[in-house]
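K.L.:
What follows is structure22.txt; its format and atoms are compact mmCIF, C-alpha atoms.
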# COMPACT_ATOMS: atom_id res chain seq x y z
CA MET A 1 142.47 159.82 34.61
CA ALA A 2 142.94 160.56 38.33
CA ARG A 3 139.74 158.66 39.06
CA ILE A 4 141.04 155.60 37.24
CA ALA A 5 144.36 155.86 39.11
CA ARG A 6 142.52 156.12 42.45
CA ALA A 7 140.38 153.12 41.58
CA GLY A 8 143.55 151.25 40.65
CA ILE A 9 145.21 152.09 43.97
CA ARG A 10 142.09 151.07 45.86
CA PHE A 11 142.02 147.78 43.97
CA VAL A 12 145.69 147.11 44.81
CA ILE A 13 145.19 147.94 48.50
CA LEU A 14 142.09 145.80 48.74
CA SER A 15 143.71 142.83 47.04
CA VAL A 16 146.86 143.10 49.21
CA ALA A 17 144.67 143.26 52.31
CA GLY A 18 142.77 140.22 51.07
CA ILE A 19 145.95 138.24 50.46
CA VAL A 20 147.30 139.17 53.91
CA LEU A 21 144.02 138.11 55.54
CA VAL A 22 144.07 134.76 53.74
CA ALA A 23 147.74 134.23 54.67
CA VAL A 24 147.07 135.00 58.34
CA PHE A 25 144.09 132.63 58.29
CA ILE A 26 146.18 129.81 56.78
CA VAL A 27 149.06 130.34 59.23
CA VAL A 28 146.74 130.41 62.24
CA LYS A 29 144.88 127.36 60.96
CA SER A 30 148.03 125.31 60.33
CA TYR A 31 149.57 126.44 63.61
CA SER A 32 146.57 125.37 65.61
CA ARG A 33 146.42 122.04 63.77
CA ALA A 34 150.12 121.29 64.08
CA ARG A 35 150.29 121.98 67.80
CA PRO A 36 147.91 119.89 69.80
CA SER A 37 147.93 120.72 73.48
CA GLN A 38 147.80 118.07 76.17
CA PRO A 39 145.50 117.92 79.20
CA ILE A 40 148.57 117.53 81.43
CA GLU A 41 151.98 119.15 81.07
CA TYR A 42 153.60 115.76 81.04
CA ASN A 43 157.33 115.70 81.82
CA HIS A 44 159.08 112.85 80.01
CA LYS A 45 162.45 113.70 81.54
CA VAL A 46 161.29 113.21 85.14
CA HIS A 47 159.54 109.95 84.31
CA ILE A 48 162.52 108.48 82.48
CA GLU A 49 165.35 109.76 84.68
CA ASN A 50 163.85 109.93 88.18
CA ALA A 51 161.21 107.22 87.97
CA GLY A 52 163.34 105.01 85.71
CA LEU A 53 160.60 104.21 83.24
CA ASN A 54 161.14 102.90 79.72
CA CYS A 55 159.09 103.85 76.67
CA LEU A 56 157.33 100.48 76.64
CA ASP A 57 156.27 100.77 80.27
CA CYS A 58 153.68 103.38 79.37
CA HIS A 59 153.29 103.01 75.58
CA VAL A 60 152.62 99.34 76.15
CA HIS A 61 151.75 98.25 72.62
CA ALA A 62 154.66 99.88 70.78
CA GLY A 63 156.34 96.52 70.43
CA ASP A 64 153.46 94.21 69.64
CA ASN A 65 150.79 96.18 67.87
CA VAL A 66 150.07 98.64 65.10
CA ALA A 67 149.51 101.58 67.43
CA ALA A 68 151.88 102.33 70.29
CA THR A 69 148.87 103.63 72.27
CA PHE A 70 148.69 106.24 74.99
CA PRO A 71 148.96 105.00 78.56
CA SER A 72 145.61 104.12 80.04
CA LEU A 73 144.64 105.44 83.47
CA GLU A 74 145.50 101.99 84.83
CA VAL A 75 149.15 102.59 83.95
CA CYS A 76 149.24 106.01 85.64
CA ARG A 77 147.50 104.61 88.70
CA ASN A 78 150.34 102.15 89.30
CA CYS A 79 152.34 105.08 90.71
CA HIS A 80 149.87 107.92 91.13
CA ASN A 81 147.20 106.88 93.57
CA ALA A 82 145.85 108.80 96.54
CA GLU A 83 149.10 110.45 97.73
CA PRO A 84 151.12 112.69 95.41
CA VAL A 85 154.72 111.54 94.85
CA SER A 86 156.01 114.99 93.92
CA LYS A 87 155.30 118.65 94.50
CA SER A 88 154.16 119.20 90.92
CA ALA A 89 150.83 120.90 90.33
CA GLU A 90 150.44 118.77 87.21
CA GLU A 91 150.43 115.62 89.28
CA LEU A 92 147.34 116.84 91.13
CA LYS A 93 145.56 116.83 87.79
CA VAL A 94 146.50 113.18 87.30
CA LEU A 95 145.28 112.35 90.77
CA LYS A 96 142.01 114.05 89.94
CA TYR A 97 141.58 111.87 86.85
CA VAL A 98 142.45 108.83 88.97
CA ALA A 99 139.96 109.81 91.68
CA GLU A 100 137.23 110.37 89.09
CA GLN A 101 138.20 107.19 87.23
CA LYS A 102 138.24 109.17 83.99
CA GLU A 103 140.70 108.34 81.19
CA ILE A 104 143.09 111.20 80.43
CA PRO A 105 142.16 112.63 77.00
CA TRP A 106 145.66 112.69 75.45
CA ASN A 107 145.96 114.25 72.03
CA GLN A 108 147.77 112.52 69.22
CA VAL A 109 150.80 114.39 67.87
CA TYR A 110 152.05 111.91 65.27
CA GLN A 111 149.24 111.32 62.79
CA VAL A 112 149.63 108.98 59.84
CA PRO A 113 147.17 109.59 57.00
CA ASP A 114 144.32 107.17 56.36
CA HIS A 115 145.89 105.73 53.20
CA VAL A 116 149.12 104.73 54.90
CA TYR A 117 149.68 101.56 56.86
CA PHE A 118 152.15 102.21 59.65
CA SER A 119 152.80 99.55 62.24
CA HIS A 120 154.90 100.05 65.36
CA ARG A 121 155.40 96.30 65.66
CA ARG A 122 156.97 96.22 62.21
CA HIS A 123 159.39 99.00 63.07
CA VAL A 124 160.17 98.26 66.71
CA THR A 125 160.10 94.47 66.92
CA VAL A 126 160.86 93.35 63.37
CA GLY A 127 163.04 96.31 62.30
CA LYS A 128 164.64 96.72 65.74
CA LEU A 129 164.54 100.52 65.56
CA GLU A 130 165.10 102.70 68.58
CA CYS A 131 162.10 104.88 69.46
CA SER A 132 164.38 107.93 69.29
CA VAL A 133 164.89 107.48 65.53
CA CYS A 134 161.44 108.95 64.91
CA HIS A 135 160.51 110.43 68.28
CA GLY A 136 163.78 112.11 69.25
CA ASP A 137 165.49 111.99 72.61
CA MET A 138 162.55 112.01 74.99
CA LYS A 139 164.92 111.96 78.00
CA GLN A 140 165.43 115.67 77.43
CA GLN A 141 161.76 116.62 77.06
CA THR A 142 160.42 118.46 80.08
CA ALA A 143 157.16 119.50 78.40
CA PRO A 144 154.80 117.61 76.09
CA VAL A 145 155.93 117.67 72.47
CA SER A 146 153.59 119.58 70.23
CA VAL A 147 155.35 119.04 66.90
CA PRO A 148 156.56 115.68 65.59
CA TYR A 149 160.34 115.24 65.92
CA LEU A 150 160.43 113.57 62.53
CA ALA A 151 157.71 115.03 60.33
CA VAL A 152 155.31 112.37 59.08
CA THR A 153 156.08 112.78 55.38
CA MET A 154 156.68 110.24 52.65
CA ASP A 155 160.09 111.81 52.02
CA ASN A 156 161.21 110.93 55.53
CA CYS A 157 159.84 107.40 55.27
CA ILE A 158 161.52 106.74 51.93
CA LYS A 159 164.82 108.27 53.02
CA CYS A 160 165.08 105.94 55.99
CA HIS A 161 163.94 102.93 53.96
CA ARG A 162 166.61 103.66 51.37
CA GLU A 163 169.37 104.04 53.95
CA ARG A 164 168.44 100.76 55.61
CA LYS A 165 167.75 98.95 52.33
CA ILE A 166 164.11 98.27 53.20
CA THR A 167 161.53 97.78 50.48
CA ASN A 168 160.10 100.90 48.90
CA ASP A 169 157.27 99.02 47.23
CA CYS A 170 154.22 101.30 47.35
CA LEU A 171 152.02 98.47 48.57
CA ALA A 172 154.29 97.88 51.57
CA CYS A 173 152.97 101.08 53.17
CA HIS A 174 150.02 102.29 51.10
CA ARG A 175 146.70 100.57 51.40
CA MET B 1 159.51 85.53 45.94
CA PRO B 2 155.97 84.26 46.40
CA LYS B 3 153.49 84.28 43.58
CA TRP B 4 150.01 84.50 45.03
CA ALA B 5 147.28 82.81 43.05
CA MET B 6 143.65 81.87 43.42
CA VAL B 7 141.77 78.80 42.29
CA PHE B 8 137.99 78.60 41.90
CA ASP B 9 136.49 75.14 41.83
CA LEU B 10 133.40 75.79 39.71
CA ASP B 11 132.20 72.25 40.31
CA LYS B 12 131.90 73.13 43.98
CA CYS B 13 130.80 76.76 43.59
CA THR B 14 127.07 77.21 44.17
CA GLY B 15 127.06 80.80 42.99
CA CYS B 16 125.70 82.01 46.31
CA GLY B 17 127.57 85.31 46.22
CA ALA B 18 129.04 85.07 49.73
CA CYS B 19 132.45 85.94 48.26
CA MET B 20 131.02 89.14 46.79
CA ALA B 21 129.47 90.15 50.10
CA ALA B 22 132.59 89.27 52.08
CA CYS B 23 134.71 91.29 49.67
CA LYS B 24 132.46 94.34 49.94
CA MET B 25 132.60 94.24 53.72
CA GLU B 26 136.31 93.54 53.95
CA ASN B 27 137.45 96.22 51.54
CA ASN B 28 135.00 99.03 52.32
CA VAL B 29 133.69 98.90 48.78
CA ALA B 30 131.00 101.52 48.30
CA ILE B 31 127.40 100.58 47.52
CA VAL B 32 125.97 102.74 44.74
CA ASP B 33 122.37 103.70 44.09
CA PRO B 34 120.27 101.23 42.04
CA GLU B 35 120.02 103.73 39.18
CA GLU B 36 123.78 104.15 39.14
CA ALA B 37 124.23 100.40 39.20
CA GLN B 38 121.84 100.08 36.26
CA ALA B 39 124.05 102.53 34.40
CA GLY B 40 126.98 100.16 34.88
CA ARG B 41 128.59 101.99 37.77
CA ALA B 42 128.23 99.31 40.41
CA LEU B 43 131.44 98.76 42.34
CA PHE B 44 132.49 95.15 42.66
CA TRP B 45 135.98 93.89 43.38
CA MET B 46 134.61 90.38 43.23
CA ASP B 47 132.10 90.18 40.42
CA MET B 48 129.81 87.35 39.39
CA ILE B 49 129.35 86.40 35.76
CA ASN B 50 125.97 84.86 34.99
CA ALA B 51 125.02 82.79 32.00
CA HIS B 52 121.99 80.70 31.13
CA GLU B 53 121.96 77.62 29.03
CA GLY B 54 119.00 75.81 27.50
CA GLU B 55 115.32 76.73 27.54
CA TYR B 56 112.65 76.44 30.18
CA PRO B 57 112.10 73.97 31.87
CA THR B 58 115.63 72.64 31.48
CA VAL B 59 117.62 75.77 32.16
CA ALA B 60 121.15 75.50 33.46
CA ILE B 61 122.55 78.54 35.23
CA LYS B 62 126.26 79.11 35.22
CA ARG B 63 127.76 81.47 37.77
CA MET B 64 131.41 82.35 37.76
CA PRO B 65 133.04 84.57 40.39
CA LYS B 66 135.55 86.97 38.94
CA PRO B 67 138.09 88.93 41.00
CA CYS B 68 141.09 90.78 39.58
CA PHE B 69 143.24 88.13 37.90
CA HIS B 70 146.54 89.67 39.03
CA CYS B 71 148.14 88.83 35.70
CA ASP B 72 151.84 88.06 35.51
CA ASN B 73 151.99 90.12 32.34
CA PRO B 74 149.38 92.74 33.19
CA PRO B 75 148.15 94.99 30.41
CA CYS B 76 146.72 97.55 32.85
CA THR B 77 150.04 98.49 34.42
CA LYS B 78 151.63 99.21 31.05
CA VAL B 79 149.20 101.98 30.22
CA CYS B 80 149.16 103.73 33.59
CA PRO B 81 150.83 107.12 33.09
CA VAL B 82 151.54 107.68 36.79
CA ARG B 83 152.48 104.16 37.96
CA ALA B 84 149.47 104.05 40.24
CA THR B 85 149.08 100.43 39.24
CA TYR B 86 152.02 98.09 38.92
CA LEU B 87 153.06 94.48 39.45
CA ASN B 88 154.86 94.18 42.76
CA GLU B 89 157.42 91.57 43.72
CA ASP B 90 154.81 89.39 45.44
CA GLY B 91 153.05 89.06 42.11
CA LEU B 92 150.18 91.30 43.18
CA VAL B 93 148.91 93.97 40.83
CA ALA B 94 148.81 96.92 43.17
CA GLN B 95 146.51 99.90 42.90
CA ILE B 96 147.63 103.01 44.78
CA TYR B 97 144.58 105.22 45.11
CA HIS B 98 146.31 108.43 46.08
CA ARG B 99 148.53 108.23 43.04
CA CYS B 100 145.69 107.45 40.63
CA ILE B 101 144.61 110.39 38.47
CA GLY B 102 141.45 108.70 37.24
CA CYS B 103 142.32 108.54 33.55
CA ARG B 104 140.82 105.02 33.37
CA TYR B 105 143.35 103.80 30.80
CA CYS B 106 143.86 100.71 32.96
CA MET B 107 140.14 99.98 32.90
CA ALA B 108 140.17 100.13 29.12
CA ALA B 109 143.27 97.94 28.96
CA CYS B 110 141.99 95.23 31.30
CA PRO B 111 140.49 92.44 29.17
CA PHE B 112 138.59 91.11 32.17
CA THR B 113 136.91 94.39 33.24
CA ALA B 114 138.22 93.77 36.74
CA LYS B 115 138.65 97.45 37.55
CA VAL B 116 135.94 99.83 38.64
CA PHE B 117 135.82 103.59 38.79
CA ASN B 118 134.52 105.79 41.58
CA TRP B 119 132.25 108.17 39.72
CA TRP B 120 131.14 109.90 42.90
CA ASP B 121 132.24 110.10 46.48
CA PRO B 122 130.76 107.06 48.20
CA ARG B 123 127.44 107.58 49.98
CA TRP B 124 127.45 105.23 52.92
CA LEU B 125 124.37 103.65 54.35
CA GLU B 126 123.33 104.79 57.79
CA GLY B 127 125.48 103.08 60.41
CA ALA B 128 127.98 101.81 57.84
CA THR B 129 130.47 104.51 58.76
CA THR B 130 131.00 102.95 62.15
CA CYS B 131 131.97 99.51 60.85
CA PHE B 132 134.63 100.15 58.24
CA ASN B 133 137.61 97.87 58.07
CA PRO B 134 140.39 100.09 59.45
CA ASP B 135 143.04 98.21 57.46
CA VAL B 136 141.68 99.41 54.13
CA SER B 137 141.53 103.08 53.19
CA LEU B 138 138.39 104.67 51.81
CA ARG B 139 138.50 105.67 48.20
CA MET B 140 137.39 109.04 46.94
CA ALA B 141 135.67 110.09 43.74
CA GLY B 142 137.84 109.95 40.64
CA VAL B 143 140.03 106.94 41.33
CA VAL B 144 140.07 103.43 39.95
CA GLU B 145 139.93 100.53 42.37
CA LYS B 146 140.03 96.79 42.14
CA CYS B 147 140.57 93.54 44.01
CA SER B 148 143.88 93.57 45.85
CA PHE B 149 143.89 89.89 46.85
CA CYS B 150 143.40 91.44 50.33
CA ALA B 151 146.98 92.74 50.37
CA HIS B 152 146.38 94.28 53.80
CA ARG B 153 145.99 90.77 55.19
CA LEU B 154 149.36 89.90 53.71
CA HIS B 155 150.88 92.82 55.68
CA HIS B 156 149.44 91.41 58.82
CA VAL B 157 150.45 87.76 58.42
CA ASN B 158 153.90 88.72 57.14
CA GLU B 159 154.43 90.83 60.22
CA VAL B 160 153.29 88.11 62.58
CA ALA B 161 155.51 85.56 60.83
CA ARG B 162 158.52 87.85 61.02
CA VAL B 163 157.96 88.52 64.71
CA ASP B 164 157.93 84.75 65.26
CA ASP B 165 160.93 84.45 62.90
CA ARG B 166 159.42 81.84 60.62
CA ALA B 167 158.26 81.50 57.02
CA LEU B 168 154.64 81.96 56.00
CA GLN B 169 152.61 78.76 56.12
CA ASP B 170 150.41 77.62 53.28
CA GLY B 171 146.90 78.86 54.02
CA GLU B 172 147.98 81.55 56.46
CA PHE B 173 147.32 84.37 54.01
CA MET B 174 143.69 84.08 52.97
CA PRO B 175 141.61 86.75 51.27
CA ALA B 176 138.16 87.43 52.67
CA CYS B 177 136.38 85.72 49.77
CA ALA B 178 138.26 82.44 50.18
CA GLU B 179 137.79 82.53 53.90
CA ASN B 180 134.04 83.04 53.61
CA CYS B 181 133.19 80.63 50.81
CA PRO B 182 130.62 78.24 52.35
CA ALA B 183 131.30 75.63 49.66
CA ASP B 184 135.08 75.85 50.11
CA ALA B 185 135.31 76.42 46.39
CA ILE B 186 138.03 79.09 46.60
CA TYR B 187 141.64 78.16 47.20
CA PHE B 188 144.41 80.65 47.69
CA GLY B 189 148.14 80.26 48.05
CA ASP B 190 151.62 80.55 46.68
CA LEU B 191 152.36 79.08 43.26
CA GLU B 192 156.08 79.06 43.98
CA ASN B 193 155.53 76.76 46.93
CA LYS B 194 155.37 73.33 45.32
CA ASP B 195 153.67 71.84 48.37
CA SER B 196 150.82 74.31 48.38
CA GLN B 197 147.33 73.21 47.50
CA VAL B 198 147.02 75.96 44.94
CA TYR B 199 150.09 74.73 43.09
CA LYS B 200 148.69 71.20 42.94
CA LEU B 201 145.27 72.40 41.81
CA SER B 202 146.78 74.67 39.17
CA ARG B 203 148.15 71.54 37.49
CA SER B 204 144.82 69.70 37.60
CA TYR B 205 143.39 68.32 34.38
CA ARG B 206 140.24 70.36 35.05
CA VAL B 207 142.05 73.67 35.10
CA SER B 208 141.54 76.55 32.69
CA ARG B 209 142.18 80.24 32.69
CA VAL B 210 140.07 82.97 31.17
CA MET B 211 141.21 84.18 27.74
CA GLU B 212 144.44 82.25 27.97
CA ASP B 213 145.35 83.06 24.37
CA LEU B 214 145.91 86.74 25.26
CA GLY B 215 149.18 85.89 26.95
CA VAL B 216 148.54 88.06 30.02
CA GLU B 217 149.14 85.08 32.31
CA PRO B 218 146.31 85.52 34.81
CA LYS B 219 146.95 84.03 38.22
CA VAL B 220 143.34 82.99 38.79
CA TYR B 221 142.53 79.43 37.79
CA TYR B 222 139.12 77.85 37.26
CA LEU B 223 138.47 74.17 37.79
CA ALA B 224 135.50 72.68 35.96
CA ARG B 225 134.63 69.33 34.46
CA ARG B 226 132.12 70.90 32.14
CA THR B 227 133.41 73.07 29.35
CA ALA B 228 132.73 76.76 29.62
Could you rewrite the structure in this file as structure tokens?
P.N.:
Amino acid sequence: MARIARAGIRFVILSVAGIVLVAVFIVVKSYSRARPSQPIEYNHKVHIENAGLNCLDCHVHAGDNVAATFPSLEVCRNCHNAEPVSKSAEELKVLKYVAEQKEIPWNQVYQVPDHVYFSHRRHVTVGKLECSVCHGDMKQQTAPVSVPYLAVTMDNCIKCHRERKITNDCLACHR
Amino acid sequence: MPKWAMVFDLDKCTGCGACMAACKMENNVAIVDPEEAQAGRALFWMDMINAHEGEYPTVAIKRMPKPCFHCDNPPCTKVCPVRATYLNEDGLVAQIYHRCIGCRYCMAACPFTAKVFNWWDPRWLEGATTCFNPDVSLRMAGVVEKCSFCAHRLHHVNEVARVDDRALQDGEFMPACAENCPADAIYFGDLENKDSQVYKLSRSYRVSRVMEDLGVEPKVYYLARRTA
């Protein structure tokens, strides 16, 4: 009887340990996927407030294309060439990329799944939406965002479409 | 609301199959193994129906391209238990792959066998993975797919027209098959637009539709002097 009870306890402990291990694995996995890091600790606040840049100055295709695109090195070079303009250690990294003529490998934070058609042009130019509706107030961001301000979920899309009386036809977004 | 329709001029069609090839390329339609194709599992959004008439040496070959007919009264959408296929307000019969559960009721309901089923995950030819059309998603095993009248192109032209603040022009929205037909035998346009070429052709004396007596109101018209 005692042997059966001991076996039972061992089974419970082992299965609990197994569940905990799996849970930890899933959490770590989702955490690492949800939080892409950036090659440079980019400070949106400084660029918008001190340098007076607008979103479209760097994300040049947000108004006229499907993808808003990351700034190319060409865009950075307009201000950051040869001499540093600040005392930031991060700027030296930019200057290094500029000197080496290597594009900065930015990581995408907002990812739309393959079966969804999302176009910035349709939202920014046709729909006349402010960038902050989905991306939050970037004027306050001193570090790169690692989590989307508005989670890329169908619930969020549909909610906004309903509020603004935009079509919720599946084919309008799904492809 | 527009009502998109297609017209095939069979008197002009040479049966070359360029529409089929263009469709496959445009819509990332998977190519299946020859054995699978023999078993009736070939994937075609634009199919070609072949028929022979007469005996050697006076054989006449009839070839008839067949996309999805995007019926106005579609039987397939009525049997879908999850609304993965439905008639949208542009008159397109949509197929939403991520909603499809693969029951294949719609395939059974379609009188024109326009729908195909992905029996396996697609196996792409070497190098094909680098030249997909990014505007069309890749389908996985277990979903039904079919001709969409290149609905992704409609997205694009609609967007461009709205940026320019104008209405869509006749001929601006063209599916890949119509665009690539070397004989210009495929016409595409809006039936609601009385000035469109498709509207005029749809009232031609040569016009006929497949299985018209079913009452499903297909929006694909065939022009032919000869009787089918």
K.L.:
With a distance threshold of 8 Å and counting all atoms listed in the file, extract the residues of chain B near chain A and express them as JSON, numbers by chain.
P.N.:
{"B": [88, 94, 96, 98, 135, 136, 137, 138, 151, 152, 155, 159, 162, 163]}
K.L.:
Distance atom CA of Ala51 of chain A-atom CA of Ile104 of chain A, one decimal place?
P.N.:
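So the answer is 20.0 Å.
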K.L.:
Would you mind telling me which residue in A:Val98, A:Pro84, A:Asn168, A:Ile19 lies nearest to Asp155 of chain A when using only C-alpha atoms?
P.N.:
A:Asn168
K.L.:
Which is closest to Met20 of chain B among B:Ala183, B:Val93, B:Met1, B:Ala178, if we use all atoms listed in the file?
P.N.:
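Closest residue, counting all atoms listed in the file: B:Ala178.
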K.L.:
What gap, in Å, lies between atom CA of Gly52 of chain A and atom CA of Met138 of chain A?
P.N.:
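Atom-to-atom, atom CA of Gly52 of chain A and atom CA of Met138 of chain A are spaced 12.8 Å apart.
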K.L.:
When you count all atoms listed in the file, which of these residues is closest to Glu91 of chain A: A:Leu129, A:Val124, A:Ile40, A:Val75?
P.N.:
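Of A:Leu129, A:Val124, A:Ile40, A:Val75, the one nearest Glu91 of chain A, counting all atoms listed in the file, is A:Ile40.
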K.L.:
Considering all atoms listed in the file, state which residue in the set A:Arg164, A:His47, A:Arg10, A:Lys139 is at the smallest distance from Cys79 of chain A.
P.N.:
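The closest residue to Cys79 of chain A is A:His47.
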K.L.:
Find the residue from B:Tyr56, B:Trp4, B:Tyr97, B:Phe44 that sits nearest to Cys23 of chain B; use all atoms listed in the file when measuring.
P.N.:
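Of B:Tyr56, B:Trp4, B:Tyr97, B:Phe44, the one nearest Cys23 of chain B is B:Phe44, counting all atoms listed in the file.
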K.L.:
Determine, counting only C-alpha atoms, which protein, DNA and RNA residues have an atom within 12 Å of an atom of Gly136 of chain A; residues of the same chain fewer than 2 positions away are not included. Present the result as a list in words.
P.N.:
His44, Glu130, Cys131, Ser132, Val133, Cys134, Met138, Lys139, Gln140, Gln141, Val145, Val147, Pro148, Tyr149, Leu150 and Ala151 of chain A
K.L.:
Take the point (152.4, 83.6, 48.9) as written in the file and pick out every residue within 10 Å of it, counting all atoms listed in the file; give the list as a list in words.
P.N.:
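Final list of nearby residues, as requested, is Met1, Pro2, Lys3, Trp4, Ala5, Asp90, Gly91, Leu92, Leu154, Asn158, Leu168, Gln169, Asp170, Gly171, Glu172, Phe173, Met174, Phe188, Gly189, Asp190, Leu191, Glu192, Asn193 and Ser196 of chain B.
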K.L.:
How many Å separate atom CA of Pro36 of chain A from atom CA of Pro144 of chain A?
P.N.:
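Separating atom CA of Pro36 of chain A from atom CA of Pro144 of chain A is a distance of 9.6 Å.
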K.L.:
Hey, which of A:Glu163, A:Asp137, A:Glu100, A:Glu49 ends up closest to Arg77 of chain A? Count only C-alpha atoms.
P.N.:
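Closest residue, counting only C-alpha atoms: A:Glu100.
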K.L.:
Can you tell me, as lines of an AutoDock Vina configuration file, the centre and edge lengths (Å, one decimal) of the axis-aligned box enclosing all of segment 202-215 of chain B's listed atoms after padding each side by 5 Å?
P.N.:
center_x = 144.6
center_y = 77.5
center_z = 31.8
size_x = 19.1
size_y = 28.4
size_z = 24.8
K.L.:
If we count all atoms listed in the file, what is near Asp121 of chain B at a cut-off of 9 Å, once residues fewer than 6 positions away on the same chain are taken out, given as number ranges by chain?
P.N.:
B: 30, 139-142
K.L.:
So which residues touch Arg83 of chain B within 9 Å, counting only C-alpha atoms, skipping near sequence neighbours fewer than 5 positions away, as a VMD selection string?
P.N.:
chain B and resid 77 to 78 95 to 96 99 to 100
K.L.:
What's the 8 Å shell around Tyr221 of chain B, counting all atoms listed in the file, without same-chain residues fewer than 3 positions away, as number ranges by chain?
P.N.:
B: 5-8, 202, 207-210, 218
K.L.:
Around the point (143.7, 86.7, 32.0) in the file's coordinates, collect all residues with an atom within 12 Å, using only C-alpha atoms, and return them as a PyMOL selection string.
P.N.:
chain B and resi 66-76+109-114+208-222
